[in-house]
Amino acid sequence: MTESMRLRIDLAYDGGDFYGWAKQPTLRTVQGEIEVAMHRILRVPADDSPEAQAEPLRLTVAGRTDTGVHASHQVCHVDISDHVLARAVGHMDVPPTVALTRRLQRILPDDIRIHSIAPAPCGFDARFSALERTYVYRIADRGSEIDPRLRGFVLHIDDDLDIAAMNAAAAMTIGLHDFGSFATPNPGGTTIREVKTAYWRRIPVRPLVADGDTMGERYRTPSVESGLLCFTIVADAFARNMVRSLVGGCVQVGCGKRSLDWFAGKMATPLREGSTGPIAPQGLTLEHIAYPADDQLAARAEAIRAKRTL
């Protein structure tokens with residue numbers, strides 16, 4: 001009998017040139033790029049042959065990101081046979097997981113980086129074992145100093161945004177709600193999610209070098225995110241387009257186009273319509289995935305598979 005294991009893969013990517021995470025036949029996606037690279041490294045055919053069907057090398061991800069959305073910390077898993085994983089070693093005198101990490105880092109495109117690959121604990125499921133996910137949306141509004149180098153992951157809005165009003169809207173999202181006004185359910189799923197925290201904050205303007213007083217004015221270069229307006233949201237899970245649509249709603253409130261009563265009405269009546277569509281994707285980054293202790297992974301996965309209700 002062939003021995004196999006589950007690998008946990010931690011990674012990051014610039015989503016600007018990807019049509020999201022999920023593999024699609026004719027489009028460039030993060031999952032597609034990684035799976036093609038793994039088949040090449042491990043010499044597994046990517047066709048309908050018996051070997052390919054026995055060793056599919058399919059990635060399961062913690063959270064599928066949409067077209068143009070980034071990840072500084074994404075997690076996925078793959079089930080793989082020991083003898084196939086061993087093919088990654090070649091001439092290297094390192095464990096197979098280290099060899100696979102190095103080879104993937106070498107051949108993957110520059111907009112994907114593998115942080116680590118390790119055997120997953122018993123019961124681990126990248127998607128269903130996750131406790132919470134953290135997203136950050138970054139905006140440069142009229143009150144920010146616009147840095148053109150950041151255009152790939154910061155949205156520029158030519159308005160003065162009312163942070164207090166946006167935080168009042170964000171506070172309405174905390175707790176267990178049906179986010180049907182701001183999200184699309186997966187087939188057979190719901191838009192019920194539990195938001196643990198959500199808030200807007202202006203990043204303080206601070207110098208890159210702390211001791212500028214002694215080094216001179218020429219060293220008072222600002223940190224790269226100084227002055228940006230950032231929305232941080234943490235939830236047990238997110239439905240499709242949920243974060244970007246919530247950001248879009250908050251921004252409409254922040255620039256005075258919509259009222260807090262309108263936002264409250266959208267939260268109270270989960271009905272999707274044109275005024276709650278998603279904002280542009282480039283400002284959004286998946287920042288963190290949290291998991292429970294190893295001995296709680298399987299129980300968490302089992303519990304989260306249940307269809308939720310209010």
# chains A, B, ... in the order shown; residues from 1 in each chain; ligands from 1
call {"tool": "closest_atom_pairs", "arguments": {"of": "segment 191-285 of chain A", "to": "segment 55-75 of chain A", "cutoff": "10 Å", "atoms": "only C-alpha atoms", "output": "CSV"}}
result
residue,atom,partner,partner_atom,distance
A:Ala237,CA,A:Gly63,CA,7.9
A:Phe238,CA,A:Gly63,CA,8.0
A:Ala239,CA,A:Gly63,CA,9.5
A:Arg240,CA,A:Asp66,CA,8.1
A:Asn241,CA,A:Asp66,CA,7.7
A:Arg244,CA,A:Val69,CA,9.8
A:Ala280,CA,A:Gly68,CA,8.5
A:Pro281,CA,A:Gly68,CA,5.3
A:Gln282,CA,A:Gly68,CA,5.6
A:Gly283,CA,A:Val69,CA,7.5
A:Leu284,CA,A:Val69,CA,5.5
A:Thr285,CA,A:His70,CA,4.5
call {"tool": "write_last_selection", "arguments": {"atoms": "N, CA and C atoms", "output": "compact mmCIF listing (two decimals), in the first residue's frame"}}
result
# COMPACT_ATOMS: atom_id res chain seq x y z
N ALA A 237 -14.98 33.33 8.15
CA ALA A 237 -14.91 33.04 6.71
C ALA A 237 -15.54 34.22 5.98
N PHE A 238 -15.35 34.25 4.67
CA PHE A 238 -15.92 35.32 3.86
C PHE A 238 -16.62 34.72 2.64
N ALA A 239 -17.79 35.27 2.31
CA ALA A 239 -18.47 34.87 1.09
C ALA A 239 -17.87 35.66 -0.09
N ARG A 240 -18.21 35.22 -1.28
CA ARG A 240 -17.64 35.83 -2.49
C ARG A 240 -17.98 37.32 -2.58
N ASN A 241 -16.96 38.13 -2.83
CA ASN A 241 -17.07 39.59 -2.98
C ASN A 241 -17.45 40.31 -1.70
N ARG A 244 -14.83 43.27 -0.48
CA ARG A 244 -14.80 44.40 -1.41
C ARG A 244 -16.14 45.14 -1.45
N ALA A 280 -13.02 48.18 -6.52
CA ALA A 280 -11.90 47.65 -7.31
C ALA A 280 -11.03 46.70 -6.48
N PRO A 281 -10.46 45.66 -7.10
CA PRO A 281 -9.77 44.62 -6.34
C PRO A 281 -8.37 44.96 -5.86
N GLN A 282 -7.67 45.91 -6.51
CA GLN A 282 -6.23 46.03 -6.25
C GLN A 282 -5.88 46.46 -4.83
N GLY A 283 -6.83 47.07 -4.11
CA GLY A 283 -6.53 47.50 -2.74
C GLY A 283 -6.62 46.40 -1.71
N LEU A 284 -7.07 45.21 -2.10
CA LEU A 284 -7.36 44.16 -1.12
C LEU A 284 -6.25 43.12 -1.04
N THR A 285 -5.86 42.80 0.20
CA THR A 285 -4.83 41.78 0.45
C THR A 285 -5.28 40.86 1.58
call {"tool": "closest_atom_pairs", "arguments": {"of": "segment 80-195 of chain A", "to": "segment 261-266 of chain A", "cutoff": "12 Å", "atoms": "only C-alpha atoms", "output": "Markdown table"}}
result
| residue | atom | partner | partner_atom | distance |
| --- | --- | --- | --- | --- |
| A:Ala165 | CA | A:Phe263 | CA | 10.7 |
| A:Met166 | CA | A:Phe263 | CA | 10.1 |
| A:Asn167 | CA | A:Phe263 | CA | 11.7 |
| A:Ala168 | CA | A:Phe263 | CA | 9.7 |
| A:Ala169 | CA | A:Phe263 | CA | 6.5 |
| A:Ala170 | CA | A:Phe263 | CA | 9.3 |
| A:Ala171 | CA | A:Ala264 | CA | 10.3 |
| A:Met172 | CA | A:Ala264 | CA | 7.1 |
| A:Thr173 | CA | A:Ala264 | CA | 9.2 |
| A:His177 | CA | A:Lys266 | CA | 11.2 |
| A:Asp178 | CA | A:Lys266 | CA | 10.1 |
| A:Phe179 | CA | A:Lys266 | CA | 8.5 |
| A:Gly180 | CA | A:Lys266 | CA | 8.6 |
| A:Ser181 | CA | A:Lys266 | CA | 5.8 |
| A:Phe182 | CA | A:Lys266 | CA | 8.1 |
| A:Ala183 | CA | A:Lys266 | CA | 11.4 |
call {"tool": "select_by_dssp", "arguments": {"residues": "segment 74-108 of chain A", "states": "alpha helix (DSSP H)", "output": "JSON list (two decimals) with C-alpha atoms, in the first residue's frame"}}
result
[["chain", "number", "residue", "atom", "x", "y", "z"],
["A", 82, "ASP", "CA", 5.69, 9.61, -0.29],
["A", 83, "HIS", "CA", 7.42, 8.13, -3.34],
["A", 84, "VAL", "CA", 6.22, 10.99, -5.57],
["A", 85, "LEU", "CA", 7.33, 13.65, -3.07],
["A", 96, "PRO", "CA", 11.76, 16.17, 0.51],
["A", 97, "THR", "CA", 9.63, 19.09, 1.75],
["A", 98, "VAL", "CA", 12.65, 21.39, 1.75],
["A", 99, "ALA", "CA", 13.62, 20.19, -1.73],
["A", 100, "LEU", "CA", 10.10, 20.83, -3.04],
["A", 101, "THR", "CA", 10.08, 24.31, -1.48],
["A", 102, "ARG", "CA", 13.39, 25.21, -3.12],
["A", 103, "ARG", "CA", 12.40, 23.88, -6.52],
["A", 104, "LEU", "CA", 9.05, 25.68, -6.49],
["A", 105, "GLN", "CA", 10.72, 28.93, -5.45],
["A", 106, "ARG", "CA", 13.10, 28.51, -8.38],
["A", 107, "ILE", "CA", 10.60, 27.88, -11.17]]
call {"tool": "atom_distance", "arguments": {"atom1": "atom CA of Glu302 of chain A", "atom2": "atom CA of Ala290 of chain A"}}
result
16.5 Å
call {"tool": "select_by_dssp", "arguments": {"residues": "segment 108-218 of chain A", "states": "strand (DSSP E)", "output": "PyMOL selection string"}}
result
chain A and resi 112-119+132-140+155-156+175-178+192-202
call {"tool": "atom_distance", "arguments": {"atom1": "atom CA of Cys230 of chain A", "atom2": "atom CA of Tyr199 of chain A"}}
result
8.3 Å
call {"tool": "atom_distance", "arguments": {"atom1": "atom CA of Pro25 of chain A", "atom2": "atom CA of Pro45 of chain A"}}
result
16.2 Å
call {"tool": "closest_residue", "arguments": {"among": "A:Gly143, A:Ala293, A:Thr190, A:Arg272", "to": "Ser226 of chain A", "atoms": "only C-alpha atoms"}}
result
A:Gly143
call {"tool": "residues_around", "arguments": {"residues": "Asp294 of chain A", "least_positions_apart": "4", "cutoff": "12 Å", "atoms": "only C-alpha atoms", "output": "ChimeraX atom specification"}}
result
/A:120-125,129-130,290,298-301
call {"tool": "write_last_selection", "arguments": {"atoms": "C-alpha atoms", "output": "short mmCIF file (atom, residue, chain, number, x, y, z; two decimals), in the first residue's frame"}}
result
data_model
loop_
_atom_site.label_atom_id
_atom_site.label_comp_id
_atom_site.auth_asym_id
_atom_site.auth_seq_id
_atom_site.Cartn_x
_atom_site.Cartn_y
_atom_site.Cartn_z
CA ALA A 120 0.38 18.96 8.00
CA PRO A 121 -0.78 17.86 11.46
CA CYS A 122 -3.41 15.13 11.67
CA GLY A 123 -6.86 16.52 10.89
CA PHE A 124 -5.58 19.65 9.12
CA ASP A 125 -7.68 21.05 6.31
CA SER A 129 -9.83 23.97 9.86
CA ALA A 130 -9.26 27.73 9.69
CA ALA A 290 -5.40 31.52 11.87
CA ALA A 298 -10.29 17.89 12.92
CA ALA A 299 -13.12 19.03 15.20
CA ARG A 300 -12.97 22.53 13.75
CA ALA A 301 -13.12 21.17 10.19
#
call {"tool": "closest_residue", "arguments": {"among": "A:Ile289, A:Asp141, A:Pro207, A:Pro185", "to": "Pro222 of chain A", "atoms": "only C-alpha atoms"}}
result
A:Pro207
call {"tool": "closest_residue", "arguments": {"among": "A:Phe128, A:Leu11, A:Trp21, A:Trp200", "to": "Arg305 of chain A", "atoms": "only C-alpha atoms"}}
result
A:Phe128
